[in-house]
>>> print(open('structure.csv').read())   # CSV, C-alpha atoms and all ligand atoms
chain,number,residue,atom,x,y,z
A,1,MET,CA,75.5,184.5,167.5
A,2,LYS,CA,78.7,183.3,166.0
A,3,ASP,CA,79.8,184.7,162.6
A,4,PHE,CA,78.7,181.9,160.3
A,5,LYS,CA,79.7,181.9,156.6
A,6,ARG,CA,79.3,178.4,155.1
A,7,ILE,CA,76.0,176.8,155.9
A,8,VAL,CA,74.6,173.4,155.0
A,9,ILE,CA,70.8,173.7,154.8
A,10,LYS,CA,69.0,170.4,155.0
A,11,VAL,CA,65.3,170.2,154.2
A,12,GLY,CA,63.3,167.0,155.0
A,13,SER,CA,60.7,165.4,152.8
A,14,SER,CA,57.9,166.3,155.3
A,15,THR,CA,58.7,170.0,154.6
A,16,LEU,CA,58.9,169.6,150.8
A,17,THR,CA,55.8,167.6,150.2
A,18,HIS,CA,52.0,167.9,150.8
A,19,ALA,CA,50.3,165.3,153.0
A,20,ASP,CA,49.5,163.3,149.9
A,21,GLY,CA,53.2,163.1,149.0
A,22,LYS,CA,53.1,165.5,146.0
A,23,LEU,CA,55.8,168.1,146.0
A,24,ASP,CA,54.7,171.3,147.7
A,25,VAL,CA,55.8,173.8,145.0
A,26,GLN,CA,54.8,176.9,147.0
A,27,GLN,CA,56.8,175.7,150.0
A,28,ILE,CA,59.8,174.8,147.8
A,29,LYS,CA,59.7,178.3,146.3
A,30,LYS,CA,60.0,179.9,149.7
A,31,ILE,CA,63.0,177.7,150.5
A,32,VAL,CA,64.7,178.5,147.2
A,33,LYS,CA,64.0,182.2,147.8
A,34,GLU,CA,65.6,182.1,151.3
A,35,ILE,CA,68.7,180.2,150.0
A,36,SER,CA,68.9,182.8,147.2
A,37,ILE,CA,68.7,185.7,149.7
A,38,LEU,CA,71.4,184.2,151.9
A,39,THR,CA,73.6,183.5,148.9
A,40,ASP,CA,73.2,187.2,147.8
A,41,GLN,CA,74.2,188.3,151.2
A,42,GLY,CA,77.5,186.4,150.9
A,43,TYR,CA,76.7,183.2,152.8
A,44,GLU,CA,77.9,180.0,151.1
A,45,CYS,CA,75.0,177.7,151.1
A,46,ILE,CA,75.0,174.0,150.4
A,47,PHE,CA,71.5,172.6,150.0
A,48,VAL,CA,70.9,169.0,151.2
A,49,SER,CA,67.4,168.1,149.9
A,50,SER,CA,65.4,165.0,150.6
A,51,GLY,CA,62.2,164.4,148.7
A,52,ALA,CA,63.3,162.2,145.8
A,53,ILE,CA,61.4,159.2,147.1
A,54,ALA,CA,58.4,161.3,148.1
A,55,ALA,CA,58.4,163.0,144.7
A,56,GLY,CA,58.6,159.6,143.0
A,57,MET,CA,55.6,158.4,145.1
A,58,GLY,CA,53.7,161.4,143.9
A,59,ILE,CA,54.5,160.8,140.3
A,60,LEU,CA,53.8,157.1,140.3
A,61,ASN,CA,50.8,157.3,142.6
A,62,VAL,CA,52.3,155.2,145.4
A,63,HIS,CA,50.7,156.1,148.7
A,64,GLU,CA,52.8,154.2,151.3
A,65,LYS,CA,56.6,154.3,151.3
A,66,PRO,CA,57.6,150.8,150.3
A,67,ASN,CA,60.0,148.7,152.5
A,68,GLU,CA,61.6,147.0,149.5
A,69,ILE,CA,64.8,148.6,148.5
A,70,ASP,CA,64.4,148.1,144.8
A,71,LYS,CA,61.0,149.8,144.9
A,72,ARG,CA,62.6,152.7,146.8
A,73,GLN,CA,65.4,152.9,144.2
A,74,VAL,CA,62.9,153.2,141.4
A,75,LEU,CA,61.0,155.9,143.2
A,76,ALA,CA,64.1,157.8,144.0
A,77,ALA,CA,65.3,157.6,140.4
A,78,VAL,CA,62.0,159.0,139.1
A,79,GLY,CA,61.6,161.6,141.8
A,80,GLN,CA,65.1,163.0,141.8
A,81,VAL,CA,64.6,164.2,138.2
A,82,GLU,CA,61.4,166.0,139.1
A,83,LEU,CA,63.1,167.5,142.1
A,84,ILE,CA,66.2,168.8,140.5
A,85,GLN,CA,64.3,170.1,137.5
A,86,LEU,CA,62.1,172.2,139.8
A,87,TYR,CA,65.1,173.5,141.7
A,88,SER,CA,66.9,174.3,138.4
A,89,GLN,CA,63.9,176.4,137.2
A,90,LEU,CA,63.3,178.1,140.6
A,91,PHE,CA,66.9,179.0,141.3
A,92,PHE,CA,67.3,180.2,137.7
A,93,ALA,CA,64.6,182.8,138.4
A,94,PHE,CA,66.8,184.1,141.2
A,95,ASP,CA,69.9,184.1,138.9
A,96,HIS,CA,71.6,181.3,140.8
A,97,PRO,CA,73.1,178.4,139.0
A,98,ILE,CA,72.9,175.0,140.7
A,99,ALA,CA,74.8,171.8,140.6
A,100,GLN,CA,73.6,168.3,141.6
A,101,LEU,CA,75.7,165.9,143.6
A,102,LEU,CA,74.3,162.5,144.5
A,103,LEU,CA,76.5,160.8,147.0
A,104,THR,CA,76.7,157.4,148.6
A,105,LYS,CA,78.4,156.2,151.8
A,106,ASP,CA,81.3,155.0,149.6
A,107,ASP,CA,82.0,158.5,148.5
A,108,PHE,CA,82.7,159.4,152.2
A,109,SER,CA,84.5,156.1,153.0
A,110,ASN,CA,87.0,156.1,150.2
A,111,ARG,CA,89.5,158.8,150.9
A,112,THR,CA,90.2,159.5,147.2
A,113,ARG,CA,86.5,159.9,146.3
A,114,TYR,CA,86.0,162.0,149.5
A,115,LEU,CA,88.8,164.4,148.5
A,116,ASN,CA,87.3,164.6,145.0
A,117,ALA,CA,83.8,165.4,146.3
A,118,ARG,CA,85.4,167.9,148.6
A,119,ASN,CA,87.3,169.6,145.8
A,120,THR,CA,84.2,169.7,143.6
A,121,CYS,CA,82.1,171.4,146.3
A,122,ARG,CA,84.8,173.9,147.0
A,123,LEU,CA,85.1,174.9,143.4
A,124,LEU,CA,81.3,175.1,143.0
A,125,LEU,CA,81.1,177.4,146.1
A,126,GLU,CA,84.0,179.5,144.7
A,127,LYS,CA,82.1,180.0,141.5
A,128,LYS,CA,78.9,180.8,143.5
A,129,ILE,CA,77.1,177.8,142.2
A,130,ILE,CA,74.7,176.2,144.8
A,131,PRO,CA,75.4,172.5,145.3
A,132,ILE,CA,72.2,170.5,145.8
A,133,ILE,CA,73.0,167.2,147.4
A,134,ASN,CA,71.0,164.1,148.1
A,135,GLU,CA,72.0,160.5,148.8
A,136,ASN,CA,72.2,158.5,145.6
A,137,ASP,CA,69.3,156.3,146.7
A,138,SER,CA,68.9,154.5,143.3
A,139,VAL,CA,72.3,152.8,143.6
A,140,SER,CA,72.6,152.5,147.4
A,141,ILE,CA,71.6,149.3,149.1
A,142,ASN,CA,70.9,149.0,152.8
A,143,GLU,CA,74.3,147.9,153.9
A,144,ILE,CA,76.1,150.8,152.3
A,145,LYS,CA,73.5,153.5,152.9
A,146,LEU,CA,73.8,156.5,155.1
A,147,GLY,CA,70.0,156.0,155.1
A,148,ASP,CA,68.8,159.4,156.2
A,149,ASN,CA,69.7,162.9,155.1
A,150,ASP,CA,70.2,164.2,158.6
A,151,SER,CA,73.4,162.1,158.8
A,152,LEU,CA,74.2,163.1,155.2
A,153,SER,CA,74.1,166.7,156.1
A,154,ALA,CA,76.6,166.1,158.9
A,155,PHE,CA,78.9,164.3,156.5
A,156,VAL,CA,78.5,167.0,154.0
A,157,ALA,CA,79.3,169.7,156.6
A,158,ALA,CA,82.5,167.9,157.4
A,159,LEU,CA,83.3,167.5,153.7
A,160,VAL,CA,83.0,171.2,153.0
A,161,ASP,CA,84.1,172.5,156.4
A,162,ALA,CA,80.8,174.2,157.1
A,163,ASP,CA,80.3,176.3,160.3
A,164,LEU,CA,76.6,175.7,160.6
A,165,ILE,CA,74.0,173.1,159.6
A,166,VAL,CA,70.3,174.2,159.5
A,167,ILE,CA,67.8,171.3,159.5
A,168,LEU,CA,64.4,172.5,158.4
A,169,THR,CA,61.7,170.0,159.5
A,170,ASP,CA,58.0,169.8,160.5
A,171,ILE,CA,58.5,170.7,164.2
A,172,ASP,CA,59.9,173.9,165.9
A,173,GLY,CA,62.9,172.2,167.4
A,174,LEU,CA,63.7,169.7,170.2
A,175,TYR,CA,61.0,169.5,172.9
A,176,ASP,CA,61.2,167.9,176.3
A,177,SER,CA,58.1,165.9,175.3
A,178,ASP,CA,56.1,165.5,172.1
A,179,PRO,CA,54.3,168.9,171.7
A,180,ARG,CA,51.7,167.2,169.5
A,181,GLU,CA,50.6,165.2,172.5
A,182,ASN,CA,51.6,167.5,175.4
A,183,PRO,CA,50.5,171.2,175.2
A,184,ASN,CA,53.0,172.0,178.0
A,185,ALA,CA,56.0,170.6,176.2
A,186,LYS,CA,58.9,173.0,176.3
A,187,ARG,CA,61.3,173.7,173.5
A,188,TYR,CA,65.1,173.7,174.1
A,189,ASP,CA,66.6,176.9,172.8
A,190,LYS,CA,70.2,176.1,173.2
A,191,ILE,CA,72.1,172.8,173.8
A,192,THR,CA,75.8,172.8,174.4
A,193,GLU,CA,76.2,169.1,175.1
A,194,ILE,CA,74.3,166.0,173.9
A,195,THR,CA,73.7,164.0,177.1
A,196,ASP,CA,72.1,160.6,177.3
A,197,GLU,CA,69.0,162.4,178.5
A,198,ILE,CA,68.8,164.5,175.3
A,199,LYS,CA,69.2,161.3,173.2
A,200,HIS,CA,66.5,159.6,175.2
A,201,ILE,CA,64.1,162.6,174.7
A,202,ALA,CA,64.7,162.6,171.0
A,203,GLY,CA,63.3,159.0,170.9
A,204,THR,CA,62.7,157.4,167.6
A,205,THR,CA,59.7,159.2,166.0
A,206,GLY,CA,59.6,159.5,162.3
A,207,SER,CA,57.3,161.0,159.8
A,208,LYS,CA,55.4,159.3,156.9
A,209,PHE,CA,57.7,160.5,154.1
A,210,GLY,CA,61.0,161.3,155.8
A,211,THR,CA,63.4,158.8,157.3
A,212,GLY,CA,64.9,160.4,160.3
A,213,GLY,CA,62.7,161.7,163.1
A,214,MET,CA,64.5,163.5,166.0
A,215,ALA,CA,66.9,160.7,166.8
A,216,THR,CA,68.9,161.1,163.6
A,217,LYS,CA,68.9,164.9,164.0
A,218,ILE,CA,70.5,164.5,167.4
A,219,LEU,CA,73.0,162.1,166.0
A,220,ALA,CA,73.8,164.6,163.2
A,221,ALA,CA,74.1,167.4,165.9
A,222,GLU,CA,76.6,165.2,167.9
A,223,MET,CA,78.7,164.5,164.8
A,224,ALA,CA,78.6,168.2,163.8
A,225,MET,CA,79.5,169.4,167.3
A,226,SER,CA,82.4,167.0,167.5
A,227,ASN,CA,83.7,168.7,164.4
A,228,GLY,CA,83.2,172.2,165.7
A,229,THR,CA,80.1,172.8,163.6
A,230,ASP,CA,76.9,174.3,165.1
A,231,LEU,CA,73.5,172.9,164.1
A,232,ILE,CA,70.0,174.5,164.3
A,233,ILE,CA,66.8,172.4,164.1
A,234,ALA,CA,63.9,174.7,163.0
A,235,ASN,CA,60.5,174.5,161.5
A,236,GLY,CA,60.5,174.6,157.7
A,237,ASP,CA,57.1,176.3,157.5
A,238,ASP,CA,58.8,179.7,157.2
A,239,PRO,CA,62.2,179.2,155.8
A,240,HIS,CA,63.0,182.9,156.3
A,241,ASP,CA,63.5,181.8,159.9
A,242,ILE,CA,67.1,180.9,158.8
A,243,SER,CA,67.8,184.6,158.4
A,244,ARG,CA,66.2,185.4,161.7
A,245,ALA,CA,68.2,182.7,163.4
A,246,LEU,CA,71.4,184.1,161.8
A,247,ARG,CA,70.5,187.5,163.2
A,248,GLY,CA,70.4,186.0,166.7
A,249,GLU,CA,66.6,185.6,167.1
A,250,ASN,CA,65.5,182.7,169.3
A,251,ILE,CA,64.5,180.2,166.6
A,252,GLY,CA,64.4,176.4,166.9
A,253,THR,CA,66.9,174.5,168.9
A,254,HIS,CA,70.5,175.6,168.5
A,255,PHE,CA,73.2,173.1,169.2
A,256,VAL,CA,76.3,175.1,170.0
A,257,ALA,CA,79.7,173.6,169.3
A,258,SER,CA,82.8,174.3,171.2
A,259,GLU,CA,86.2,173.6,169.8
A,260,PRO,CA,86.4,170.6,167.5
A,261,ASN,CA,87.4,167.3,169.2
A,262,PHE,CA,88.9,165.9,166.0
A,263,ASN,CA,90.8,167.2,163.1
A,264,ALA,CA,89.2,166.6,159.7
A,265,ARG,CA,91.0,163.3,159.1
A,266,LYS,CA,90.1,161.9,162.4
A,267,TYR,CA,86.5,163.0,162.0
A,268,TRP,CA,86.5,161.3,158.6
A,269,LEU,CA,87.9,158.1,160.2
A,270,ARG,CA,85.5,158.2,163.1
A,271,TYR,CA,82.3,158.7,161.2
A,272,ALA,CA,82.7,158.2,157.5
A,273,THR,CA,84.6,155.1,156.8
A,274,THR,CA,83.7,151.5,156.1
A,275,LEU,CA,86.0,149.0,157.8
A,276,SER,CA,88.0,146.5,155.7
A,277,GLY,CA,89.0,144.3,158.7
A,278,ASN,CA,89.9,144.2,162.3
A,279,LEU,CA,93.0,144.2,164.4
A,280,HIS,CA,92.7,142.5,167.8
A,281,ILE,CA,95.0,144.0,170.4
A,282,ASP,CA,96.3,143.1,173.9
A,283,GLU,CA,96.0,145.1,177.1
A,284,GLY,CA,99.4,146.9,176.7
A,285,ALA,CA,98.4,148.2,173.2
A,286,TYR,CA,95.0,149.1,174.5
A,287,GLN,CA,96.6,151.2,177.3
A,288,ALA,CA,99.0,152.8,174.8
A,289,ILE,CA,96.1,153.8,172.5
A,290,GLN,CA,94.3,155.4,175.4
A,291,LYS,CA,97.3,157.6,175.9
A,292,GLY,CA,97.3,158.6,172.2
A,293,LYS,CA,100.1,156.4,171.1
A,294,SER,CA,100.5,154.5,167.8
A,295,LEU,CA,99.8,150.8,167.5
A,296,LEU,CA,102.9,148.6,167.2
A,297,PRO,CA,103.0,145.1,165.8
A,298,VAL,CA,103.9,143.7,169.3
A,299,GLY,CA,100.5,144.6,170.7
A,300,ILE,CA,98.4,142.9,167.9
A,301,THR,CA,97.2,139.4,168.8
A,302,SER,CA,95.2,138.4,165.7
A,303,ILE,CA,93.5,140.0,162.7
A,304,ASP,CA,90.6,139.4,160.4
A,305,GLY,CA,89.8,140.5,156.9
A,306,ASP,CA,91.7,141.0,153.6
A,307,PHE,CA,93.0,144.5,153.3
A,308,GLU,CA,95.6,146.6,151.6
A,309,ILE,CA,98.0,149.2,152.9
A,310,GLY,CA,96.0,152.4,153.6
A,311,SER,CA,92.8,150.5,154.4
A,312,VAL,CA,90.7,151.5,157.4
A,313,VAL,CA,90.3,148.8,160.0
A,314,GLY,CA,88.6,148.5,163.4
A,315,ILE,CA,90.8,148.0,166.5
A,316,LEU,CA,89.3,145.6,169.0
A,317,PHE,CA,90.3,144.8,172.6
A,318,GLN,CA,88.5,141.9,174.1
A,319,ASN,CA,86.2,141.9,171.1
A,320,GLU,CA,85.0,145.4,171.8
A,321,LYS,CA,85.7,148.1,169.2
A,322,VAL,CA,88.1,150.6,170.8
A,323,GLY,CA,89.4,152.4,167.8
A,324,VAL,CA,89.5,152.9,164.0
A,325,GLY,CA,92.7,153.4,162.1
A,326,ILE,CA,94.6,153.4,158.8
A,327,VAL,CA,97.0,150.5,158.4
A,328,ASN,CA,100.6,150.8,157.1
A,329,TYR,CA,100.8,147.1,156.2
A,330,ASN,CA,98.4,144.7,154.4
A,331,ASN,CA,96.8,141.7,156.2
A,332,GLN,CA,99.4,139.2,155.0
A,333,GLU,CA,102.2,141.4,156.3
A,334,ILE,CA,100.5,141.9,159.6
A,335,GLU,CA,99.9,138.2,160.0
A,336,LYS,CA,103.7,137.8,159.8
A,337,ILE,CA,104.8,140.6,162.2
A,338,LEU,CA,102.0,140.5,164.8
A,339,GLY,CA,103.3,139.9,168.3
A,340,GLN,CA,106.8,140.9,167.2
A,341,GLN,CA,109.1,143.7,168.3
A,342,THR,CA,109.3,146.6,165.8
A,343,SER,CA,113.1,145.9,165.4
A,344,LYS,CA,112.2,142.6,163.8
A,345,ILE,CA,109.9,143.9,161.0
A,346,LYS,CA,112.7,144.3,158.5
A,347,LYS,CA,114.1,140.8,159.2
A,348,ILE,CA,110.7,139.1,158.8
A,349,LEU,CA,109.4,141.0,155.8
A,350,GLY,CA,112.6,142.0,154.1
A,351,TYR,CA,111.5,145.6,154.1
A,352,GLN,CA,109.9,148.1,156.6
A,353,TYR,CA,107.4,150.7,155.5
A,354,SER,CA,106.9,152.0,159.0
A,355,ASP,CA,107.8,151.3,162.7
A,356,VAL,CA,104.1,151.1,163.5
A,357,VAL,CA,101.1,149.3,162.1
A,358,VAL,CA,98.8,152.3,162.8
A,359,HIS,CA,100.2,155.7,163.4
A,360,SER,CA,98.6,157.8,166.1
A,361,ASP,CA,97.8,160.5,163.5
A,362,ASN,CA,95.7,157.9,161.7
A,363,LEU,CA,94.0,156.4,164.7
A,364,VAL,CA,90.9,157.5,166.5
A,365,LYS,CA,89.5,156.1,169.7
A,366,VAL,CA,85.8,155.2,169.7
A,401,LIG,N1,67.3,160.5,150.3
A,401,LIG,C1,65.9,160.4,150.6
A,401,LIG,C2,65.0,161.0,149.5
A,401,LIG,O1,65.5,161.9,148.8
A,401,LIG,C3,65.5,161.0,151.9
A,401,LIG,C4,66.1,160.5,153.1
A,401,LIG,C5,65.5,161.1,154.3
A,401,LIG,O2,64.3,161.3,154.4
A,401,LIG,O3,66.3,161.5,155.2
A,401,LIG,O4,63.9,160.7,149.4
>>> encode(input="structure.csv", output="structure tokens", more="lines below")
Ligand code: GLU
Amino acid sequence: MKDFKRIVIKVGSSTLTHADGKLDVQQIKKIVKEISILTDQGYECIFVSSGAIAAGMGILNVHEKPNEIDKRQVLAAVGQVELIQLYSQLFFAFDHPIAQLLLTKDDFSNRTRYLNARNTCRLLLEKKIIPIINENDSVSINEIKLGDNDSLSAFVAALVDADLIVILTDIDGLYDSDPRENPNAKRYDKITEITDEIKHIAGTTGSKFGTGGMATKILAAEMAMSNGTDLIIANGDDPHDISRALRGENIGTHFVASEPNFNARKYWLRYATTLSGNLHIDEGAYQAIQKGKSLLPVGITSIDGDFEIGSVVGILFQNEKVGVGIVNYNNQEIEKILGQQTSKIKKILGYQYSDVVVHSDNLVKV
């Protein structure tokens, strides 16, 4: 087992609630105790907790999770209060202060907000305060939602440079078939690469209260691994399994990361950003990008969108997205210089911020 220090622990709604949707206080106590033990042992824990919508359903006596976004927003707003109040009391009993961060996709897309959230988390950890994070469901609408807390946990892990994510759920790990239907189903202990087969096996099953199912957990594992972060999916019935897994016991399914594929900025670009527009490029530029080169004005054929310098845009070749990058010029400037040699930029615009439209350091292939 690697030497983990900073751990994002994500617990799903199905683990935090009874079958009728009410918060399972006994279960929550066990989770709080485990996180407290780990914190006392010197691990830095960041707790990503679902359950706001489920708790809201319990309080307002709603039995089916509604599809309408406004109804979910109300449930989340009501439920989050109950959830954090409970955590505050329970962690207090273990002498651990907590902090609440409710994040939206925007907080990851916008580099300034991202860096602020990162800084806050770092300071909280430094002061031994346990950050408890959820998506800010009551202000997020579908288009800008991360949507499930498995993805949120992977974003958070990148935000805080965690070495490990533990996802506690209602199943022992990833199986080769559904163990609830097939008694011979086999659990994967270790996965070092997410193949198409693994994605296929993960399917699209969900539970009544949670959002994700296995598919979003595998996606989270893929994101985490590309950033050099391990991920363990384990059953939340006994949260002390986290300590056992850290001691090297065979618990759940362990996705083992090798070296990161991206540096932090590229990881952020690849996964966290919302695109402000697109640059369409020609074959020559496409080949250059494949070799890790920057994008020059000469290779751009057309653009769409209104965007400022520093915006994140998609890079398209033959209408397929082949990259994401940060632009050094706004859309009006690029309109004027596209198709032109770099040596002409100054003559056309009267100034030249950069030789390239997207520098290779700010460009990631997709
Ligand atoms: N953020 C949602 C909640 O607190 C949970 C999303 C999920 O189930 O992954 O209810």
>>> residues_around(input="structure.csv", residues="region 241-244 of chain A", least_positions_apart="3", cutoff="9 Å", atoms="only C-alpha atoms", output="PyMOL selection string")
chain A and resi 34-35+37-38+166+168+232+234-238+247-252
>>> atom_distance(input="structure.csv", atom1="CA of Asp20 (chain A)", atom2="CA of Leu60 (chain A)")
12.2 Å
>>> residues_near_point(input="structure.csv", point="(79.8, 167.4, 152.8)", cutoff="10 Å", atoms="all atoms listed in the file", output="VMD selection string")
chain A and resid 8 46 48 103 108 114 117 to 118 121 133 152 to 162
>>> closest_residue(input="structure.csv", among="A:Lys217, A:Arg6, A:Lys29, A:Lys128", to="ligand LIG 401 (chain A)", atoms="only C-alpha atoms and all ligand atoms")
A:Lys217
>>> residues_around(input="structure.csv", residues="Leu269 (chain A)", least_positions_apart="4", cutoff="8 Å", atoms="all atoms listed in the file", output="PyMOL selection string")
chain A and resi 265+273+312+324-325+362-364
>>> atom_distance(input="structure.csv", atom1="CA of Lys266 (chain A)", atom2="CA of Ala221 (chain A)")
17.3 Å
>>> closest_residue(input="structure.csv", among="A:Ile69, A:Val11, A:Val357, A:Ile53", to="Glu82 (chain A)", atoms="only C-alpha atoms")
A:Ile53
>>> residues_near_ligand(input="structure.csv", ligand="ligand LIG 401 (chain A)", cutoff="7 Å", atoms="all atoms listed in the file", output="mmCIF file with C-alpha atoms, in the frame of the given file")
data_model
loop_
_atom_site.group_PDB
_atom_site.id
_atom_site.type_symbol
_atom_site.label_atom_id
_atom_site.label_comp_id
_atom_site.auth_asym_id
_atom_site.auth_seq_id
_atom_site.Cartn_x
_atom_site.Cartn_y
_atom_site.Cartn_z
ATOM 1 C CA GLY A 12 63.300 167.000 155.000
ATOM 2 C CA SER A 13 60.700 165.400 152.800
ATOM 3 C CA SER A 49 67.400 168.100 149.900
ATOM 4 C CA SER A 50 65.400 165.000 150.600
ATOM 5 C CA GLY A 51 62.200 164.400 148.700
ATOM 6 C CA ALA A 52 63.300 162.200 145.800
ATOM 7 C CA ILE A 53 61.400 159.200 147.100
ATOM 8 C CA ALA A 54 58.400 161.300 148.100
ATOM 9 C CA ALA A 76 64.100 157.800 144.000
ATOM 10 C CA ASN A 134 71.000 164.100 148.100
ATOM 11 C CA GLU A 135 72.000 160.500 148.800
ATOM 12 C CA ASP A 137 69.300 156.300 146.700
ATOM 13 C CA GLY A 147 70.000 156.000 155.100
ATOM 14 C CA ASP A 148 68.800 159.400 156.200
ATOM 15 C CA ASN A 149 69.700 162.900 155.100
ATOM 16 C CA ASP A 150 70.200 164.200 158.600
ATOM 17 C CA PHE A 209 57.700 160.500 154.100
ATOM 18 C CA GLY A 210 61.000 161.300 155.800
ATOM 19 C CA THR A 211 63.400 158.800 157.300
ATOM 20 C CA GLY A 212 64.900 160.400 160.300
#
>>> residues_around(input="structure.csv", residues="region 39-42 of chain A", least_positions_apart="4", cutoff="12 Å", atoms="all atoms listed in the file", output="number ranges by chain")
A: 4-9, 32-35, 46-47, 91, 94-98, 125-131, 243, 246
>>> atom_distance(input="structure.csv", atom1="CA of Arg113 (chain A)", atom2="CA of Ile132 (chain A)")
17.8 Å
>>> residues_near_point(input="structure.csv", point="(93.0, 144.0, 156.5)", cutoff="10 Å", atoms="only C-alpha atoms", output="list in words")
Leu275, Ser276, Gly277, Asn278, Leu279, Ile303, Asp304, Gly305, Asp306, Phe307, Glu308, Ile309, Gly310, Ser311, Val312, Val313, Gly314, Ile326, Val327, Tyr329, Asn330, Asn331, Gln332, Glu333, Ile334 and Glu335 of chain A
>>> closest_residue(input="structure.csv", among="A:Glu222, A:Asp361, A:Asp170, A:Asp70", to="Ser14 (chain A)", atoms="all atoms listed in the file")
A:Asp170
>>> closest_atom_pairs(input="structure.csv", of="region 236-310 of chain A", to="region 343-355 of chain A", cutoff="12 Å", atoms="only C-alpha atoms", output="JSON lines")
{"residue": "A:Ser294", "atom": "CA", "partner": "A:Asp355", "partner_atom": "CA", "distance": 9.5}
{"residue": "A:Leu295", "atom": "CA", "partner": "A:Asp355", "partner_atom": "CA", "distance": 9.3}
{"residue": "A:Leu296", "atom": "CA", "partner": "A:Asp355", "partner_atom": "CA", "distance": 7.2}
{"residue": "A:Pro297", "atom": "CA", "partner": "A:Asp355", "partner_atom": "CA", "distance": 8.4}
{"residue": "A:Val298", "atom": "CA", "partner": "A:Lys344", "partner_atom": "CA", "distance": 10.0}
{"residue": "A:Ile309", "atom": "CA", "partner": "A:Tyr353", "partner_atom": "CA", "distance": 9.9}
{"residue": "A:Gly310", "atom": "CA", "partner": "A:Tyr353", "partner_atom": "CA", "distance": 11.7}
>>> decode(input="structure.csv", residues="region 317-346 of chain A", atoms="C-alpha atoms", output="JSON list (two decimals), in the first residue's frame")
[["chain", "number", "residue", "atom", "x", "y", "z"],
["A", 317, "PHE", "CA", -10.51, 19.77, -36.30],
["A", 318, "GLN", "CA", -13.11, 18.71, -38.86],
["A", 319, "ASN", "CA", -15.75, 19.60, -36.25],
["A", 320, "GLU", "CA", -14.37, 17.09, -33.73],
["A", 321, "LYS", "CA", -13.06, 18.40, -30.44],
["A", 322, "VAL", "CA", -9.34, 17.63, -30.36],
["A", 323, "GLY", "CA", -8.18, 19.94, -27.60],
["A", 324, "VAL", "CA", -8.95, 22.54, -24.97],
["A", 325, "GLY", "CA", -6.81, 25.60, -24.40],
["A", 326, "ILE", "CA", -6.49, 29.07, -22.93],
["A", 327, "VAL", "CA", -6.41, 31.84, -25.55],
["A", 328, "ASN", "CA", -3.91, 34.71, -25.62],
["A", 329, "TYR", "CA", -6.25, 36.88, -27.73],
["A", 330, "ASN", "CA", -9.97, 37.65, -27.65],
["A", 331, "ASN", "CA", -12.37, 36.53, -30.40],
["A", 332, "GLN", "CA", -12.27, 39.86, -32.29],
["A", 333, "GLU", "CA", -8.49, 39.80, -32.39],
["A", 334, "ILE", "CA", -8.39, 36.18, -33.53],
["A", 335, "GLU", "CA", -10.93, 36.98, -36.30],
["A", 336, "LYS", "CA", -8.37, 39.46, -37.65],
["A", 337, "ILE", "CA", -5.24, 37.32, -37.40],
["A", 338, "LEU", "CA", -6.52, 33.84, -38.24],
["A", 339, "GLY", "CA", -4.84, 32.26, -41.24],
["A", 340, "GLN", "CA", -1.96, 34.76, -40.96],
["A", 341, "GLN", "CA", 1.72, 34.23, -40.23],
["A", 342, "THR", "CA", 2.81, 35.10, -36.70],
["A", 343, "SER", "CA", 5.11, 37.82, -38.11],
["A", 344, "LYS", "CA", 2.00, 39.71, -39.28],
["A", 345, "ILE", "CA", 0.23, 39.90, -35.88],
["A", 346, "LYS", "CA", 1.76, 43.21, -34.88]]
